[in-house]
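Trainee: Structure: coords-v7.pdb, PDB, C-alpha atoms.
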```
ATOM      1  CA  MET A  14      93.196  82.847  71.671  1.00  0.00           C
ATOM      2  CA  THR A  15      94.962  80.550  74.103  1.00  0.00           C
ATOM      3  CA  LEU A  16      96.572  81.961  77.222  1.00  0.00           C
ATOM      4  CA  ASN A  17     100.263  81.344  77.806  1.00  0.00           C
ATOM      5  CA  GLN A  18     101.595  80.385  81.249  1.00  0.00           C
ATOM      6  CA  GLU A  19     101.672  83.996  82.460  1.00  0.00           C
ATOM      7  CA  GLY A  20      98.128  84.545  81.173  1.00  0.00           C
ATOM      8  CA  ARG A  21      96.897  81.421  82.962  1.00  0.00           C
ATOM      9  CA  GLU A  22      98.453  82.643  86.226  1.00  0.00           C
ATOM     10  CA  VAL A  23      96.783  86.033  85.810  1.00  0.00           C
ATOM     11  CA  ALA A  24      93.467  84.350  84.975  1.00  0.00           C
ATOM     12  CA  ARG A  25      93.723  82.106  88.031  1.00  0.00           C
ATOM     13  CA  GLU A  26      94.354  85.084  90.307  1.00  0.00           C
ATOM     14  CA  ILE A  27      91.493  87.060  88.741  1.00  0.00           C
ATOM     15  CA  LEU A  28      89.079  84.159  89.219  1.00  0.00           C
ATOM     16  CA  ASP A  29      90.258  83.607  92.807  1.00  0.00           C
ATOM     17  CA  HIS A  30      89.787  87.264  93.677  1.00  0.00           C
ATOM     18  CA  LEU A  31      86.387  87.559  92.003  1.00  0.00           C
ATOM     19  CA  GLY A  32      85.257  84.376  93.722  1.00  0.00           C
ATOM     20  CA  THR A  33      86.065  85.727  97.167  1.00  0.00           C
ATOM     21  CA  ALA A  34      84.784  89.267  96.488  1.00  0.00           C
ATOM     22  CA  ARG A  35      81.138  88.113  96.367  1.00  0.00           C
ATOM     23  CA  GLU A  36      80.231  91.191  94.335  1.00  0.00           C
ATOM     24  CA  PRO A  37      81.235  92.698  90.985  1.00  0.00           C
ATOM     25  CA  VAL A  38      84.625  94.422  91.134  1.00  0.00           C
ATOM     26  CA  ARG A  39      85.598  97.437  89.030  1.00  0.00           C
ATOM     27  CA  GLU A  40      88.510  96.487  86.809  1.00  0.00           C
ATOM     28  CA  ASP A  41      90.964  99.137  88.017  1.00  0.00           C
ATOM     29  CA  VAL A  42      90.327  98.099  91.627  1.00  0.00           C
ATOM     30  CA  LEU A  43      90.746  94.444  90.687  1.00  0.00           C
ATOM     31  CA  HIS A  44      94.055  95.216  88.964  1.00  0.00           C
ATOM     32  CA  GLU A  45      95.264  97.204  91.973  1.00  0.00           C
ATOM     33  CA  ARG A  46      94.460  94.355  94.384  1.00  0.00           C
ATOM     34  CA  MET A  47      96.230  91.670  92.352  1.00  0.00           C
ATOM     35  CA  ALA A  48      99.404  90.309  93.900  1.00  0.00           C
ATOM     36  CA  LEU A  49     100.909  89.834  90.432  1.00  0.00           C
ATOM     37  CA  SER A  50     102.398  92.832  88.699  1.00  0.00           C
ATOM     38  CA  VAL A  51     100.631  92.768  85.329  1.00  0.00           C
ATOM     39  CA  ASP A  52     100.675  95.350  82.556  1.00  0.00           C
ATOM     40  CA  PRO A  53      97.193  96.952  82.477  1.00  0.00           C
ATOM     41  CA  ALA A  54      96.660  96.220  78.765  1.00  0.00           C
ATOM     42  CA  ARG A  55      97.642  92.564  79.289  1.00  0.00           C
ATOM     43  CA  PHE A  56      95.326  92.400  82.314  1.00  0.00           C
ATOM     44  CA  ILE A  57      92.383  93.685  80.235  1.00  0.00           C
ATOM     45  CA  GLY A  58      93.253  91.134  77.547  1.00  0.00           C
ATOM     46  CA  VAL A  59      93.047  88.283  80.051  1.00  0.00           C
ATOM     47  CA  LEU A  60      89.707  89.589  81.349  1.00  0.00           C
ATOM     48  CA  GLU A  61      88.389  89.706  77.780  1.00  0.00           C
ATOM     49  CA  GLN A  62      89.584  86.148  77.183  1.00  0.00           C
ATOM     50  CA  LEU A  63      87.814  84.988  80.357  1.00  0.00           C
ATOM     51  CA  LEU A  64      84.680  86.814  79.169  1.00  0.00           C
ATOM     52  CA  SER A  65      84.828  85.152  75.751  1.00  0.00           C
ATOM     53  CA  THR A  66      85.045  81.706  77.348  1.00  0.00           C
ATOM     54  CA  GLY A  67      82.148  82.418  79.723  1.00  0.00           C
ATOM     55  CA  GLN A  68      84.205  82.245  82.917  1.00  0.00           C
ATOM     56  CA  VAL A  69      83.408  85.817  83.927  1.00  0.00           C
ATOM     57  CA  GLY A  70      80.679  88.313  83.203  1.00  0.00           C
ATOM     58  CA  MET A  71      80.917  92.071  82.895  1.00  0.00           C
ATOM     59  CA  HIS A  72      78.602  95.034  83.144  1.00  0.00           C
ATOM     60  CA  VAL A  73      79.311  98.687  82.433  1.00  0.00           C
ATOM     61  CA  ASP A  74      78.186 101.582  84.589  1.00  0.00           C
ATOM     62  CA  HIS A  75      77.110 104.038  81.904  1.00  0.00           C
ATOM     63  CA  ASP A  76      76.082 106.654  84.459  1.00  0.00           C
ATOM     64  CA  PRO A  77      78.699 106.654  87.248  1.00  0.00           C
ATOM     65  CA  PRO A  78      78.393 109.156  90.111  1.00  0.00           C
ATOM     66  CA  VAL A  79      79.821 112.550  89.221  1.00  0.00           C
ATOM     67  CA  THR A  80      81.992 112.488  92.348  1.00  0.00           C
ATOM     68  CA  LEU A  81      83.701 109.241  91.346  1.00  0.00           C
ATOM     69  CA  PRO A  82      87.008 109.911  89.570  1.00  0.00           C
ATOM     70  CA  ARG A  83      87.435 108.391  86.122  1.00  0.00           C
ATOM     71  CA  PRO A  84      89.760 105.357  86.128  1.00  0.00           C
ATOM     72  CA  LYS A  85      93.070 105.805  84.304  1.00  0.00           C
ATOM     73  CA  ASP A  86      93.327 104.348  80.796  1.00  0.00           C
ATOM     74  CA  PRO A  87      92.899 101.586  79.748  1.00  0.00           C
ATOM     75  CA  PHE A  88      90.462 101.014  82.609  1.00  0.00           C
ATOM     76  CA  GLY A  89      86.838 102.031  82.524  1.00  0.00           C
ATOM     77  CA  PHE A  90      83.698 101.729  84.609  1.00  0.00           C
ATOM     78  CA  ARG A  91      83.492  98.002  83.833  1.00  0.00           C
ATOM     79  CA  PHE A  92      82.600  95.645  86.656  1.00  0.00           C
ATOM     80  CA  TRP A  93      83.610  91.976  86.520  1.00  0.00           C
ATOM     81  CA  TYR A  94      82.133  88.964  88.305  1.00  0.00           C
ATOM     82  CA  PRO A  95      82.503  85.185  88.108  1.00  0.00           C
ATOM     83  CA  THR A  96      79.818  83.293  86.234  1.00  0.00           C
ATOM     84  CA  PRO A  97      78.118  80.303  87.810  1.00  0.00           C
ATOM     85  CA  HIS A  98      79.413  76.953  86.590  1.00  0.00           C
TER      86      HIS A  98
END
```
Go ahead and render the structure in this file as structure tokens.
Mentor:
Amino acid sequence: MTLNQEGREVAREILDHLGTAREPVREDVLHERMALSVDPARFIGVLEQLLSTGQVGMHVDHDPPVTLPRPKDPFGFRFWYPTPH
């Protein structure tokens, strides 16, 4: 799948933010911090596209702390980070 202009802008902002974060960022937090207003489902789609092209990596916290509230759908306990080039 090829990203359209909007998707490329979202991807660029995601990569910029992840590059400056210096640690994996949970996807709902990443979405909240983005300057662009992007539909959550579209945002997840761009992240998945970046994952499929090897530009980002992702890990899932399968055992999050009980005190941590569950992210709203479609977000989960997935953490994203840039991959080395």
Trainee: Please identify all polymer residues within 12 Å of His98 (chain A), counting all atoms listed in the file, omitting same-chain residues fewer than 5 positions from it, and present them as a list of chain:residue names.
Mentor: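 Everything that qualifies: A:Gly32, A:Thr66, A:Gly67, A:Gln68, A:Val69, A:Gly70.
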Trainee: Take the point (97.8, 88.4, 89.9) in the file's coordinates, draw a sphere of radius 10 Å around it, and report as number ranges by chain every protein, DNA or RNA residue with an atom inside or on it, counting only C-alpha atoms.
Mentor: A: 19-30, 43-51, 56
Trainee: Could you please determine the separation between CA of Val79 (chain A) and CA of Asp41 (chain A) in Å, to one decimal place?
Mentor: 17.5 Å
Trainee: Work out how far CA of Phe90 (chain A) is from CA of Gln62 (chain A), in Å to one decimal.
Mentor: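 Calculated distance between CA of Gln62 (chain A) and CA of Phe90 (chain A) is 18.2 Å.
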Trainee: Where's the centre, and what are the edge lengths in Å to one decimal, of a box along x, y and z enclosing all listed atoms of region 95-98 of chain A padded 8 Å per side, as JSON?
Mentor:
```
{"center_x": 80.3, "center_y": 81.1, "center_z": 87.2, "size_x": 20.4, "size_y": 24.2, "size_z": 17.9}
```
Trainee: Using CA of Val38 (chain A) and CA of Leu16 (chain A) as the two end points, give the distance in Å to one decimal.
Mentor: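 Value for the CA of Val38 (chain A)-CA of Leu16 (chain A) distance: 22.2 Å.
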Trainee: Identify which of the residues A:Asp76, A:Pro95, A:Glu40, A:Ala34 lies closest to Gly58 (chain A), counting only C-alpha atoms when measuring atom-to-atom distances.
Mentor: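 Counting only C-alpha atoms, the residue closest to Gly58 (chain A) is A:Glu40.
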Trainee: With 10 Å as the threshold, what does the neighbourhood of (81.2, 99.3, 91.3) contain in terms of residues, counting only C-alpha atoms? Coordinates are those of the file; answer as number ranges by chain.
Mentor: A: 36-40, 42, 72-74, 77, 90-93
Trainee: Which residue is closest to Ala54 (chain A)? Choose from A:Pro87, A:Met71, A:Leu31, A:Asn17 and count only C-alpha atoms.
Mentor: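 Among A:Pro87, A:Met71, A:Leu31, A:Asn17, it is A:Pro87 that comes nearest to Ala54 (chain A).
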Trainee: Taking only C-alpha atoms into account, name the residue in A:Thr15, A:Ile57, A:Leu63, A:Thr33 that is nearest to Asp86 (chain A).
Mentor: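 Using only C-alpha atoms, Asp86 (chain A) sits closest to A:Ile57.
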Trainee: From the options A:Gln18, A:Pro53, A:Val59, A:Ser65, which residue's atoms come nearest to Pro84 (chain A), counting all atoms listed in the file?
Mentor: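 Looking at the shortest contact to Pro84 (chain A), the residue is A:Pro53.
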Trainee: Using the atoms already present, construct all heavy atoms for region 44-55 of chain A and hand them back as an mmCIF file, in the frame of the given file.
Mentor:
```cif
data_model
loop_
_atom_site.group_PDB
_atom_site.id
_atom_site.type_symbol
_atom_site.label_atom_id
_atom_site.label_comp_id
_atom_site.auth_asym_id
_atom_site.auth_seq_id
_atom_site.Cartn_x
_atom_site.Cartn_y
_atom_site.Cartn_z
ATOM 1 N N HIS A 44 92.643 95.181 89.366
ATOM 2 C CA HIS A 44 94.055 95.216 88.964
ATOM 3 C C HIS A 44 94.936 95.666 90.120
ATOM 4 O O HIS A 44 95.993 95.100 90.377
ATOM 5 C CB HIS A 44 94.241 96.140 87.759
ATOM 6 C CG HIS A 44 95.642 96.219 87.272
ATOM 7 N ND1 HIS A 44 96.483 97.244 87.630
ATOM 8 C CD2 HIS A 44 96.357 95.385 86.470
ATOM 9 C CE1 HIS A 44 97.651 97.050 87.053
ATOM 10 N NE2 HIS A 44 97.608 95.929 86.345
ATOM 11 N N GLU A 45 94.497 96.673 90.846
ATOM 12 C CA GLU A 45 95.264 97.204 91.973
ATOM 13 C C GLU A 45 95.433 96.159 93.078
ATOM 14 O O GLU A 45 96.472 96.092 93.730
ATOM 15 C CB GLU A 45 94.547 98.433 92.526
ATOM 16 C CG GLU A 45 95.246 99.100 93.678
ATOM 17 C CD GLU A 45 94.454 100.301 94.153
ATOM 18 O OE1 GLU A 45 94.271 101.242 93.363
ATOM 19 O OE2 GLU A 45 94.021 100.286 95.324
ATOM 20 N N ARG A 46 94.430 95.335 93.298
ATOM 21 C CA ARG A 46 94.460 94.355 94.384
ATOM 22 C C ARG A 46 95.222 93.080 94.029
ATOM 23 O O ARG A 46 95.484 92.259 94.910
ATOM 24 C CB ARG A 46 93.036 93.978 94.778
ATOM 25 C CG ARG A 46 92.297 95.119 95.424
ATOM 26 C CD ARG A 46 90.902 94.721 95.787
ATOM 27 N NE ARG A 46 90.195 95.841 96.400
ATOM 28 C CZ ARG A 46 88.918 95.835 96.683
ATOM 29 N NH1 ARG A 46 88.184 94.762 96.415
ATOM 30 N NH2 ARG A 46 88.352 96.887 97.228
ATOM 31 N N MET A 47 95.548 92.900 92.766
ATOM 32 C CA MET A 47 96.230 91.670 92.352
ATOM 33 C C MET A 47 97.648 91.638 92.907
ATOM 34 O O MET A 47 98.350 92.646 92.900
ATOM 35 C CB MET A 47 96.287 91.575 90.829
ATOM 36 C CG MET A 47 94.931 91.586 90.197
ATOM 37 S SD MET A 47 94.419 90.128 89.324
ATOM 38 C CE MET A 47 95.826 89.392 88.679
ATOM 39 N N ALA A 48 98.046 90.480 93.374
ATOM 40 C CA ALA A 48 99.404 90.309 93.900
ATOM 41 C C ALA A 48 100.420 90.316 92.765
ATOM 42 O O ALA A 48 101.562 90.725 92.945
ATOM 43 C CB ALA A 48 99.504 89.008 94.696
ATOM 44 N N LEU A 49 100.013 89.859 91.586
ATOM 45 C CA LEU A 49 100.909 89.834 90.432
ATOM 46 C C LEU A 49 101.029 91.235 89.845
ATOM 47 O O LEU A 49 100.062 91.981 89.802
ATOM 48 C CB LEU A 49 100.369 88.896 89.357
ATOM 49 C CG LEU A 49 100.199 87.434 89.737
ATOM 50 C CD1 LEU A 49 99.508 86.683 88.605
ATOM 51 C CD2 LEU A 49 101.555 86.811 90.012
ATOM 52 N N SER A 50 102.208 91.561 89.386
ATOM 53 C CA SER A 50 102.398 92.832 88.699
ATOM 54 C C SER A 50 102.167 92.573 87.208
ATOM 55 O O SER A 50 102.977 91.948 86.546
ATOM 56 C CB SER A 50 103.817 93.350 88.937
ATOM 57 O OG SER A 50 104.015 94.539 88.217
ATOM 58 N N VAL A 51 101.026 93.038 86.702
ATOM 59 C CA VAL A 51 100.631 92.768 85.329
ATOM 60 C C VAL A 51 100.391 94.082 84.607
ATOM 61 O O VAL A 51 99.721 94.972 85.134
ATOM 62 C CB VAL A 51 99.334 91.923 85.300
ATOM 63 C CG1 VAL A 51 98.912 91.611 83.887
ATOM 64 C CG2 VAL A 51 99.496 90.660 86.108
ATOM 65 N N ASP A 52 100.918 94.189 83.399
ATOM 66 C CA ASP A 52 100.675 95.350 82.556
ATOM 67 C C ASP A 52 99.158 95.526 82.389
ATOM 68 O O ASP A 52 98.450 94.546 82.130
ATOM 69 C CB ASP A 52 101.336 95.110 81.191
ATOM 70 C CG ASP A 52 101.003 96.201 80.216
ATOM 71 O OD1 ASP A 52 101.521 97.316 80.378
ATOM 72 O OD2 ASP A 52 100.188 95.928 79.293
ATOM 73 N N PRO A 53 98.636 96.747 82.566
ATOM 74 C CA PRO A 53 97.193 96.952 82.477
ATOM 75 C C PRO A 53 96.561 96.449 81.171
ATOM 76 O O PRO A 53 95.494 95.849 81.192
ATOM 77 C CB PRO A 53 97.033 98.464 82.616
ATOM 78 C CG PRO A 53 98.203 98.874 83.443
ATOM 79 C CD PRO A 53 99.327 97.982 82.983
ATOM 80 N N ALA A 54 97.217 96.679 80.042
ATOM 81 C CA ALA A 54 96.660 96.220 78.765
ATOM 82 C C ALA A 54 96.605 94.692 78.721
ATOM 83 O O ALA A 54 95.628 94.115 78.231
ATOM 84 C CB ALA A 54 97.471 96.768 77.603
ATOM 85 N N ARG A 55 97.623 94.034 79.237
ATOM 86 C CA ARG A 55 97.642 92.564 79.289
ATOM 87 C C ARG A 55 96.533 92.063 80.221
ATOM 88 O O ARG A 55 95.852 91.089 79.935
ATOM 89 C CB ARG A 55 99.017 92.082 79.775
ATOM 90 C CG ARG A 55 99.127 90.605 79.983
ATOM 91 C CD ARG A 55 99.243 89.896 78.657
ATOM 92 N NE ARG A 55 99.531 88.492 78.892
ATOM 93 C CZ ARG A 55 98.920 87.523 78.253
ATOM 94 N NH1 ARG A 55 98.031 87.774 77.324
ATOM 95 N NH2 ARG A 55 99.208 86.273 78.523
#
```
